[in-house]
file model.cif (mmCIF, C-alpha atoms and all ligand atoms)
data_run
#
loop_
_atom_site.label_atom_id
_atom_site.label_comp_id
_atom_site.auth_asym_id
_atom_site.auth_seq_id
_atom_site.Cartn_x
_atom_site.Cartn_y
_atom_site.Cartn_z
CA MET A 375 0.00 0.00 0.00
CA ARG A 376 1.39 3.40 -1.02
CA ILE A 377 -0.08 6.71 0.16
CA GLU A 378 0.42 9.59 -2.24
CA PRO A 379 -0.64 13.03 -0.94
CA SER A 380 -2.05 15.37 -3.56
CA PRO A 381 -0.26 18.67 -4.22
CA ASP A 382 -3.27 20.43 -2.65
CA VAL A 383 -3.81 21.08 1.08
CA ILE A 384 -6.19 18.10 1.17
CA GLY A 385 -6.48 14.84 -0.76
CA ALA A 386 -4.45 11.66 -1.07
CA THR A 387 -4.50 8.59 -3.30
CA ILE A 388 -3.94 5.23 -1.68
CA HIS A 389 -2.50 2.80 -4.20
CA ASP A 390 -2.36 -0.97 -4.04
CA ALA A 391 -4.85 -1.44 -1.22
CA ASP A 392 -7.14 -4.42 -1.67
CA LEU A 393 -10.32 -3.47 0.14
CA THR A 394 -12.03 -6.74 -0.73
CA GLN A 395 -9.94 -8.31 2.05
CA PRO A 396 -10.17 -7.58 5.77
CA LEU A 397 -7.46 -5.02 6.60
CA SER A 398 -4.88 -5.66 9.27
CA ALA A 399 -4.93 -3.26 12.22
CA ALA A 400 -1.65 -1.77 10.99
CA ASP A 401 -2.94 -1.16 7.45
CA PHE A 402 -6.17 0.30 8.75
CA ALA A 403 -4.22 2.60 11.08
CA ARG A 404 -2.21 3.94 8.11
CA ILE A 405 -5.41 4.56 6.15
CA GLU A 406 -7.14 6.26 9.07
CA THR A 407 -4.10 8.44 9.75
CA ALA A 408 -4.05 9.49 6.08
CA PHE A 409 -7.79 10.11 6.19
CA ASN A 410 -7.58 12.35 9.25
CA ALA A 411 -4.57 14.23 7.86
CA ARG A 412 -5.68 14.61 4.22
CA ALA A 413 -9.52 14.61 4.66
CA VAL A 414 -10.23 13.27 1.15
CA ILE A 415 -8.76 9.92 0.16
CA SER A 416 -9.26 7.84 -2.95
CA PHE A 417 -8.60 4.20 -3.67
CA PRO A 418 -8.38 3.56 -7.41
CA ARG A 419 -9.29 0.25 -9.08
CA GLN A 420 -11.33 -1.35 -6.31
CA HIS A 421 -13.74 -4.15 -7.19
CA LEU A 422 -16.05 -4.21 -4.24
CA ASP A 423 -19.33 -5.97 -3.74
CA GLU A 424 -21.88 -4.37 -1.44
CA ALA A 425 -20.85 -6.34 1.64
CA GLN A 426 -17.18 -5.42 1.12
CA LEU A 427 -18.01 -1.74 0.70
CA VAL A 428 -20.04 -1.71 3.90
CA ALA A 429 -17.43 -3.76 5.79
CA PHE A 430 -14.69 -1.27 4.86
CA ALA A 431 -16.85 1.69 5.91
CA GLN A 432 -17.57 -0.04 9.24
CA ARG A 433 -13.90 0.13 10.15
CA PHE A 434 -14.41 3.88 10.60
CA GLY A 435 -17.50 3.62 12.78
CA GLU A 436 -21.13 2.70 12.71
CA VAL A 437 -22.58 2.71 9.21
CA GLU A 438 -25.84 4.61 9.00
CA ARG A 439 -29.09 3.42 7.46
CA ILE A 440 -30.32 5.50 4.55
CA PHE A 441 -33.32 7.65 5.30
CA LEU A 442 -34.11 8.32 1.63
CA THR A 443 -35.33 4.72 1.43
CA HIS A 444 -36.51 4.92 -2.18
CA TYR A 445 -32.86 5.34 -3.26
CA ALA A 446 -31.48 2.67 -0.94
CA HIS A 447 -30.06 -0.59 -2.25
CA PRO A 448 -32.86 -3.19 -2.03
CA ARG A 449 -30.79 -5.67 -0.03
CA HIS A 450 -28.24 -3.37 1.62
CA PRO A 451 -30.11 -0.58 3.43
CA GLU A 452 -26.79 1.14 4.28
CA ILE A 453 -26.09 1.84 0.59
CA MET A 454 -27.74 4.70 -1.26
CA TYR A 455 -27.51 5.16 -5.00
CA VAL A 456 -26.41 8.56 -6.28
CA SER A 457 -27.18 8.60 -9.99
CA ASN A 458 -28.66 10.50 -12.92
CA ILE A 459 -29.96 7.27 -14.50
CA ARG A 460 -33.69 6.90 -15.07
CA GLU A 461 -35.40 3.55 -15.34
CA ASN A 462 -39.14 3.00 -15.85
CA GLY A 463 -39.79 6.72 -15.53
CA ARG A 464 -38.03 7.24 -12.21
CA ASP A 465 -34.58 8.21 -10.96
CA ILE A 466 -32.83 5.10 -9.69
CA GLY A 467 -30.77 7.18 -7.26
CA HIS A 468 -30.44 10.59 -5.70
CA ALA A 469 -29.83 12.82 -8.72
CA ASP A 470 -29.10 16.03 -6.83
CA ALA A 471 -26.46 15.14 -4.30
CA GLY A 472 -24.87 18.54 -3.88
CA ARG A 473 -25.50 21.42 -6.25
CA VAL A 474 -24.21 23.88 -3.67
CA TRP A 475 -21.16 23.70 -1.40
CA HIS A 476 -22.09 21.71 1.67
CA THR A 477 -21.02 19.23 4.27
CA ASP A 478 -23.21 16.16 4.50
CA MET A 479 -26.22 16.32 6.78
CA SER A 480 -25.09 19.27 8.89
CA TYR A 481 -28.82 19.69 9.56
CA THR A 482 -28.78 16.62 11.83
CA ALA A 483 -27.74 16.53 15.48
CA ARG A 484 -24.89 14.09 14.75
CA PRO A 485 -23.68 14.58 11.18
CA PRO A 486 -21.70 11.73 9.62
CA ARG A 487 -17.98 11.47 10.27
CA ALA A 488 -17.37 10.31 6.72
CA THR A 489 -19.08 9.77 3.41
CA LEU A 490 -17.92 7.12 0.95
CA LEU A 491 -18.73 7.17 -2.77
CA TYR A 492 -17.93 4.18 -4.96
CA ALA A 493 -18.04 4.77 -8.71
CA LEU A 494 -19.76 2.10 -10.79
CA GLU A 495 -20.33 4.26 -13.89
CA VAL A 496 -18.59 7.54 -14.72
CA PRO A 497 -19.89 9.82 -17.49
CA MET A 498 -17.35 10.45 -20.24
CA GLU A 499 -17.08 12.80 -23.18
CA ASN A 500 -14.26 12.70 -25.74
CA GLY A 501 -12.23 10.58 -23.36
CA VAL A 502 -12.62 13.02 -20.47
CA ALA A 503 -14.53 12.17 -17.31
CA LEU A 504 -17.42 14.45 -16.36
CA GLY A 505 -19.01 14.95 -12.95
CA ASP A 506 -15.91 15.87 -10.95
CA THR A 507 -16.42 16.32 -7.22
CA HIS A 508 -14.86 19.43 -5.70
CA PHE A 509 -13.64 19.79 -2.12
CA ALA A 510 -12.51 22.66 0.08
CA SER A 511 -10.69 22.62 3.41
CA ALA A 512 -12.68 24.33 6.14
CA ALA A 513 -9.71 23.74 8.46
CA ASP A 514 -7.19 25.61 6.30
CA ALA A 515 -9.81 28.30 5.69
CA HIS A 516 -10.19 28.75 9.45
CA ASP A 517 -6.41 28.92 9.91
CA SER A 518 -6.21 31.63 7.26
CA LEU A 519 -8.53 34.01 9.10
CA PRO A 520 -7.05 36.98 10.95
CA ALA A 521 -6.67 36.24 14.68
CA GLU A 522 -9.20 38.92 15.47
CA THR A 523 -11.84 37.23 13.25
CA GLN A 524 -11.02 33.85 14.78
CA ARG A 525 -11.68 35.33 18.23
CA ARG A 526 -14.90 37.00 17.12
CA ILE A 527 -16.43 33.79 15.73
CA ALA A 528 -14.96 31.31 18.24
CA ASN A 529 -18.06 30.91 20.38
CA LEU A 530 -20.84 31.55 17.86
CA ARG A 531 -23.45 28.92 17.09
CA ALA A 532 -25.33 28.59 13.80
CA ILE A 533 -28.79 27.27 13.02
CA HIS A 534 -28.75 24.50 10.39
CA GLN A 535 -31.83 23.37 8.53
CA VAL A 536 -32.30 21.30 5.38
CA ALA A 537 -31.95 23.84 2.57
CA GLY A 538 -32.49 26.47 5.26
CA ARG A 539 -31.85 29.38 2.94
CA ARG A 540 -32.46 27.74 -0.39
CA ALA A 541 -36.04 27.05 0.69
CA ARG A 542 -36.58 30.79 0.90
CA THR A 543 -35.10 31.47 -2.52
CA GLY A 544 -37.19 28.67 -4.03
CA THR A 545 -34.29 26.42 -5.04
CA GLY A 546 -34.75 23.95 -2.19
CA GLN A 547 -38.37 23.01 -2.90
CA GLY A 548 -37.66 19.31 -3.31
CA ASP A 549 -36.44 19.20 0.26
CA GLN A 550 -39.69 20.38 1.84
CA ALA A 551 -40.74 16.90 2.98
CA LEU A 552 -37.34 16.41 4.54
CA ARG A 553 -37.60 19.71 6.40
CA HIS A 554 -40.63 18.46 8.30
CA GLU A 555 -38.76 15.38 9.47
CA GLN A 556 -35.64 17.34 10.40
CA PRO A 557 -36.20 20.24 12.76
CA ALA A 558 -33.45 22.87 12.83
CA VAL A 559 -30.32 22.05 14.86
CA ILE A 560 -27.65 24.29 16.34
CA HIS A 561 -23.92 23.68 15.84
CA PRO A 562 -20.79 25.70 16.63
CA VAL A 563 -19.60 27.95 13.78
CA VAL A 564 -16.10 26.69 14.53
CA ARG A 565 -15.86 22.95 15.17
CA THR A 566 -12.96 21.16 16.82
CA HIS A 567 -12.08 18.06 14.84
CA PRO A 568 -12.76 14.96 16.95
CA TYR A 569 -9.51 13.24 15.89
CA THR A 570 -7.03 15.98 14.95
CA SER A 571 -8.34 18.78 17.22
CA ARG A 572 -8.00 21.19 14.29
CA LYS A 573 -10.48 24.05 14.18
CA CYS A 574 -12.81 23.89 11.18
CA LEU A 575 -15.35 26.41 9.91
CA TYR A 576 -18.75 24.74 9.92
CA VAL A 577 -21.22 26.93 8.05
CA SER A 578 -22.71 26.68 4.60
CA GLU A 579 -24.87 29.08 2.64
CA GLY A 580 -27.42 26.41 1.71
CA GLU A 581 -28.12 25.04 5.15
CA CYS A 582 -27.37 27.82 7.65
CA ALA A 583 -30.41 29.93 8.34
CA GLY A 584 -28.91 32.15 11.03
CA ILE A 585 -26.65 32.60 14.03
CA GLU A 586 -27.89 32.39 17.58
CA GLY A 587 -28.43 35.80 19.17
CA MET A 588 -27.45 37.74 16.02
CA ALA A 589 -29.67 39.92 13.85
CA ALA A 590 -30.68 38.07 10.66
CA ASP A 591 -28.98 40.34 8.14
CA GLN A 592 -25.75 40.45 10.12
CA ALA A 593 -25.84 36.66 10.58
CA LEU A 594 -26.43 35.95 6.90
CA ALA A 595 -23.65 38.33 5.90
CA LEU A 596 -21.23 36.55 8.26
CA ILE A 597 -22.31 33.08 7.04
CA GLU A 598 -21.76 34.21 3.48
CA GLU A 599 -18.34 35.68 4.26
CA LEU A 600 -17.17 32.50 6.00
CA ALA A 601 -18.70 30.17 3.40
CA GLU A 602 -16.91 32.11 0.66
CA ARG A 603 -13.63 31.92 2.54
CA ILE A 604 -13.85 28.11 2.77
CA VAL A 605 -13.98 27.67 -1.00
CA GLU A 606 -11.18 30.04 -1.93
CA PRO A 607 -8.73 28.52 -4.44
CA PRO A 608 -5.85 27.74 -2.03
CA PHE A 609 -8.11 25.45 0.00
CA ARG A 610 -9.51 23.50 -2.96
CA HIS A 611 -9.07 20.01 -4.33
CA THR A 612 -10.91 18.26 -7.16
CA HIS A 613 -11.50 14.57 -7.65
CA ARG A 614 -11.70 13.47 -11.28
CA TRP A 615 -13.43 10.12 -11.30
CA GLN A 616 -12.43 6.83 -12.83
CA VAL A 617 -14.71 3.86 -12.74
CA HIS A 618 -14.10 1.72 -9.61
CA ASP A 619 -12.67 4.60 -7.58
CA LEU A 620 -13.65 4.53 -3.95
CA LEU A 621 -13.53 8.06 -2.55
CA MET A 622 -14.16 9.12 1.03
CA TRP A 623 -14.22 12.47 2.76
CA ASP A 624 -14.26 13.90 6.25
CA ASN A 625 -17.40 15.95 6.86
CA CYS A 626 -15.76 18.06 9.56
CA THR A 627 -12.61 19.09 7.70
CA VAL A 628 -14.03 19.59 4.22
CA GLN A 629 -17.01 20.81 2.26
CA HIS A 630 -17.82 19.50 -1.20
CA LEU A 631 -19.69 20.28 -4.40
CA ALA A 632 -20.86 18.09 -7.25
CA SER A 633 -20.56 19.31 -10.83
CA PHE A 634 -23.44 18.78 -13.22
CA ASP A 635 -21.71 18.96 -16.59
CA TYR A 636 -23.31 15.67 -17.71
CA ARG A 637 -26.82 14.98 -19.00
CA TRP A 638 -29.19 12.06 -19.09
CA PRO A 639 -29.50 10.16 -21.41
CA GLN A 640 -26.17 10.85 -23.15
CA HIS A 641 -24.27 10.35 -19.91
CA ARG A 642 -24.65 7.80 -17.15
CA ARG A 643 -23.32 8.30 -13.64
CA LEU A 644 -23.81 5.63 -10.99
CA MET A 645 -22.37 5.75 -7.48
CA GLN A 646 -22.95 3.79 -4.31
CA ARG A 647 -22.84 5.96 -1.20
CA VAL A 648 -22.35 5.01 2.45
CA THR A 649 -22.15 7.28 5.49
CA VAL A 650 -20.31 6.55 8.73
CA GLY A 651 -21.85 7.98 11.90
CA GLY A 652 -20.19 10.86 13.71
CA SER A 653 -20.37 12.75 16.96
CA ALA A 654 -22.22 15.93 17.83
CA PRO A 655 -20.07 18.87 16.70
CA VAL A 656 -18.24 20.68 19.52
C1 LIG B 701 -22.90 13.30 -1.81
C2 LIG B 701 -22.40 14.30 -2.75
C3 LIG B 701 -21.17 14.63 -4.80
C4 LIG B 701 -21.06 13.95 -6.12
O1 LIG B 701 -23.08 12.14 -2.22
O2 LIG B 701 -23.10 13.65 -0.63
O3 LIG B 701 -22.38 15.46 -2.43
O4 LIG B 701 -20.19 14.38 -6.89
N1 LIG B 701 -21.94 13.84 -3.91
O5 LIG B 701 -21.84 13.03 -6.40
MN MN B 702 -22.79 15.64 -0.23
#
call {"tool": "encode", "arguments": {"input": "model.cif", "output": "structure tokens", "more": "lines below"}}
Ligand code: OGA
Ligand code: MN
result
Amino acid sequence: MRIEPSPDVIGATIHDADLTQPLSAADFARIETAFNARAVISFPRQHLDEAQLVAFAQRFGEVERIFLTHYAHPRHPEIMYVSNIRENGRDIGHADAGRVWHTDMSYTARPPRATLLYALEVPMENGVALGDTHFASAADAHDSLPAETQRRIANLRAIHQVAGRRARTGTGQGDQALRHEQPAVIHPVVRTHPYTSRKCLYVSEGECAGIEGMAADQALALIEELAERIVEPPFRHTHRWQVHDLLMWDNCTVQHLASFDYRWPQHRRLMQRVTVGGSAPV
């Protein structure tokens, strides 16, 4: 197994791992160390069945059941399909997994530690893969803030709700049903990473509806300013997919964004997605 860090502040490729086999404690420790340090890790050329995918994810913690049950794998309720493919008049998977910068399920009390995406089909055009996934380091973004800003935001808490702001602008309509099931939650604006103790900005424009005890316009302006800081070029990393890549990311350290440069029916994208449970942000 060879761990190759990307030239960016986040990201690493782990070569020659065979995730179909149970990992030794030593190999898993190397992978987990790389994951905590680099926040986005990819394993090219994996040939995993569903049980192997879930078993690998379980090494990182408890694998969550999918609440969007209509997109869950029929026999593996921990696996959700993310896809643009339509069969018999319906989407076979979640087709809109991230049109805006976000961190997965920040609108829940205990957002996932990690999300895994396993590529079964990757859209291509003229030999180039489409549907890149973009990442940004909320830890490096925090570190880049002036000390005075870091002090000012250190103890603030933000209100997260499914498409909290997008609902108001009309672009989060599809999430209305979800909003009823998920009441707003409050998380610190600056999280301390549970494994590395790094400070990470934890706000997003899509999901953060306000800041506790702050006037709405002031709160939204601050959320916007911090969210924009996170995605500045020095903190970015992009994953260009190849079929059979397994990619995983740390939902505390990074935010991510899907690109929608592919179209059904010319292009087919099919991913299996698993989330590993996390702790309440502190
Ligand atoms: C997700 C997600 C991005 C992508 O599955 O949570 O944001 O590129 N996916 O599919
Ligand atoms: Mn996502």
call {"tool": "residues_around", "arguments": {"input": "model.cif", "residues": "range 512-524 of chain A", "least_positions_apart": "3", "cutoff": "8 Å", "atoms": "only C-alpha atoms", "output": "list of chain:residue names"}}
result
A:Val383, A:Ile527, A:Ala528, A:Arg572, A:Lys573, A:Cys574, A:Leu575, A:Tyr576, A:Arg603, A:Ile604, A:Val605, A:Glu606, A:Phe609, A:Cys626, A:Thr627, A:Val628, A:Gln629
call {"tool": "closest_residue", "arguments": {"input": "model.cif", "among": "A:Ala471, A:Gln395, A:Pro497, A:Gln432", "to": "Gln420 in chain A", "atoms": "all atoms listed in the file"}}
result
A:Gln395
call {"tool": "residues_near_ligand", "arguments": {"input": "model.cif", "ligand": "ligand MN 702 (chain B)", "cutoff": "8 Å", "atoms": "all atoms listed in the file", "output": "list in words"}}
result
Ala471, Gly472, His476, Thr477, Asp478, Met479, Thr489, His630, Leu631 and Ala632 of chain A
call {"tool": "closest_residue", "arguments": {"input": "model.cif", "among": "A:Val474, A:Met498, A:Ala532, A:Leu596", "to": "ligand LIG 701 (chain B)", "atoms": "all atoms listed in the file"}}
result
A:Val474
call {"tool": "closest_residue", "arguments": {"input": "model.cif", "among": "A:Pro486, A:Pro396, A:Pro379, A:Pro418", "to": "ligand LIG 701 (chain B)", "atoms": "all atoms listed in the file"}}
result
A:Pro486
call {"tool": "atom_distance", "arguments": {"input": "model.cif", "atom1": "CA of Glu499 in chain A", "atom2": "CA of Asn458 in chain A"}}
result
15.6 Å
call {"tool": "residues_around", "arguments": {"input": "model.cif", "residues": "His389 in chain A", "least_positions_apart": "4", "cutoff": "7 Å", "atoms": "all atoms listed in the file", "output": "PDB file with C-alpha atoms, in the coordinates of the input"}}
result
ATOM      1  CA  MET A 375       0.000   0.000   0.000  1.00  0.00           C
ATOM      2  CA  ARG A 376       1.390   3.400  -1.020  1.00  0.00           C
ATOM      3  CA  ILE A 377      -0.080   6.710   0.160  1.00  0.00           C
ATOM      4  CA  PHE A 417      -8.600   4.200  -3.670  1.00  0.00           C
ATOM      5  CA  PRO A 418      -8.380   3.560  -7.410  1.00  0.00           C
TER       6      PRO A 418
END
call {"tool": "axis_aligned_box", "arguments": {"input": "model.cif", "around": "ligand LIG 701 (chain B)", "padding_each_side": "5 Å", "output": "JSON"}}
result
{"center_x": -21.6, "center_y": 13.8, "center_z": -3.8, "size_x": 12.9, "size_y": 13.3, "size_z": 16.3}
call {"tool": "residues_near_ligand", "arguments": {"input": "model.cif", "ligand": "ligand LIG 701 (chain B)", "cutoff": "10 Å", "atoms": "only C-alpha atoms and all ligand atoms", "output": "PyMOL selection string"}}
result
chain A and resi 454-458+468-479+488-493+504-509+613-615+622-623+625+629-634+643-649
call {"tool": "atom_distance", "arguments": {"input": "model.cif", "atom1": "CA of Arg642 in chain A", "atom2": "CA of Ile459 in chain A"}}
result
6.0 Å
call {"tool": "atom_distance", "arguments": {"input": "model.cif", "atom1": "CA of Trp638 in chain A", "atom2": "CA of Ala503 in chain A"}}
result
14.8 Å
call {"tool": "residues_near_point", "arguments": {"input": "model.cif", "point": "(-2.3, -0.5, 7.7)", "cutoff": "12 Å", "atoms": "only C-alpha atoms", "output": "list in words"}}
result
Met375, Arg376, Ile377, Ile388, Asp390, Ala391, Asp392, Leu393, Pro396, Leu397, Ser398, Ala399, Ala400, Asp401, Phe402, Ala403, Arg404, Ile405, Glu406, Thr407, Ala408 and Arg433 of chain A
call {"tool": "closest_atom_pairs", "arguments": {"input": "model.cif", "of": "range 448-520 of chain A", "to": "range 555-561 of chain A", "cutoff": "10 Å", "atoms": "only C-alpha atoms", "output": "tab-separated table"}}
result
residue	atom	partner	partner_atom	distance
A:Ser480	CA	A:His561	CA	8.3
A:Tyr481	CA	A:Val559	CA	6.0
A:Thr482	CA	A:Val559	CA	6.4
A:Ala483	CA	A:Val559	CA	6.1
A:Arg484	CA	A:Val559	CA	9.6
call {"tool": "closest_residue", "arguments": {"input": "model.cif", "among": "A:Val650, A:Val564, A:Val414, A:Leu621", "to": "Ser511 in chain A", "atoms": "all atoms listed in the file"}}
result
A:Val414
call {"tool": "closest_residue", "arguments": {"input": "model.cif", "among": "A:Glu436, A:Arg460, A:Ser416, A:Ala425", "to": "Pro639 in chain A", "atoms": "only C-alpha atoms"}}
result
A:Arg460
call {"tool": "residues_near_point", "arguments": {"input": "model.cif", "point": "(-23.8, 34.4, 3.8)", "cutoff": "10 Å", "atoms": "only C-alpha atoms", "output": "number ranges by chain"}}
result
A: 539, 577-580, 582-584, 591-602
call {"tool": "closest_residue", "arguments": {"input": "model.cif", "among": "A:Ile466, A:Ala431, A:Leu422, A:Ala510", "to": "Arg610 in chain A", "atoms": "all atoms listed in the file"}}
result
A:Ala510
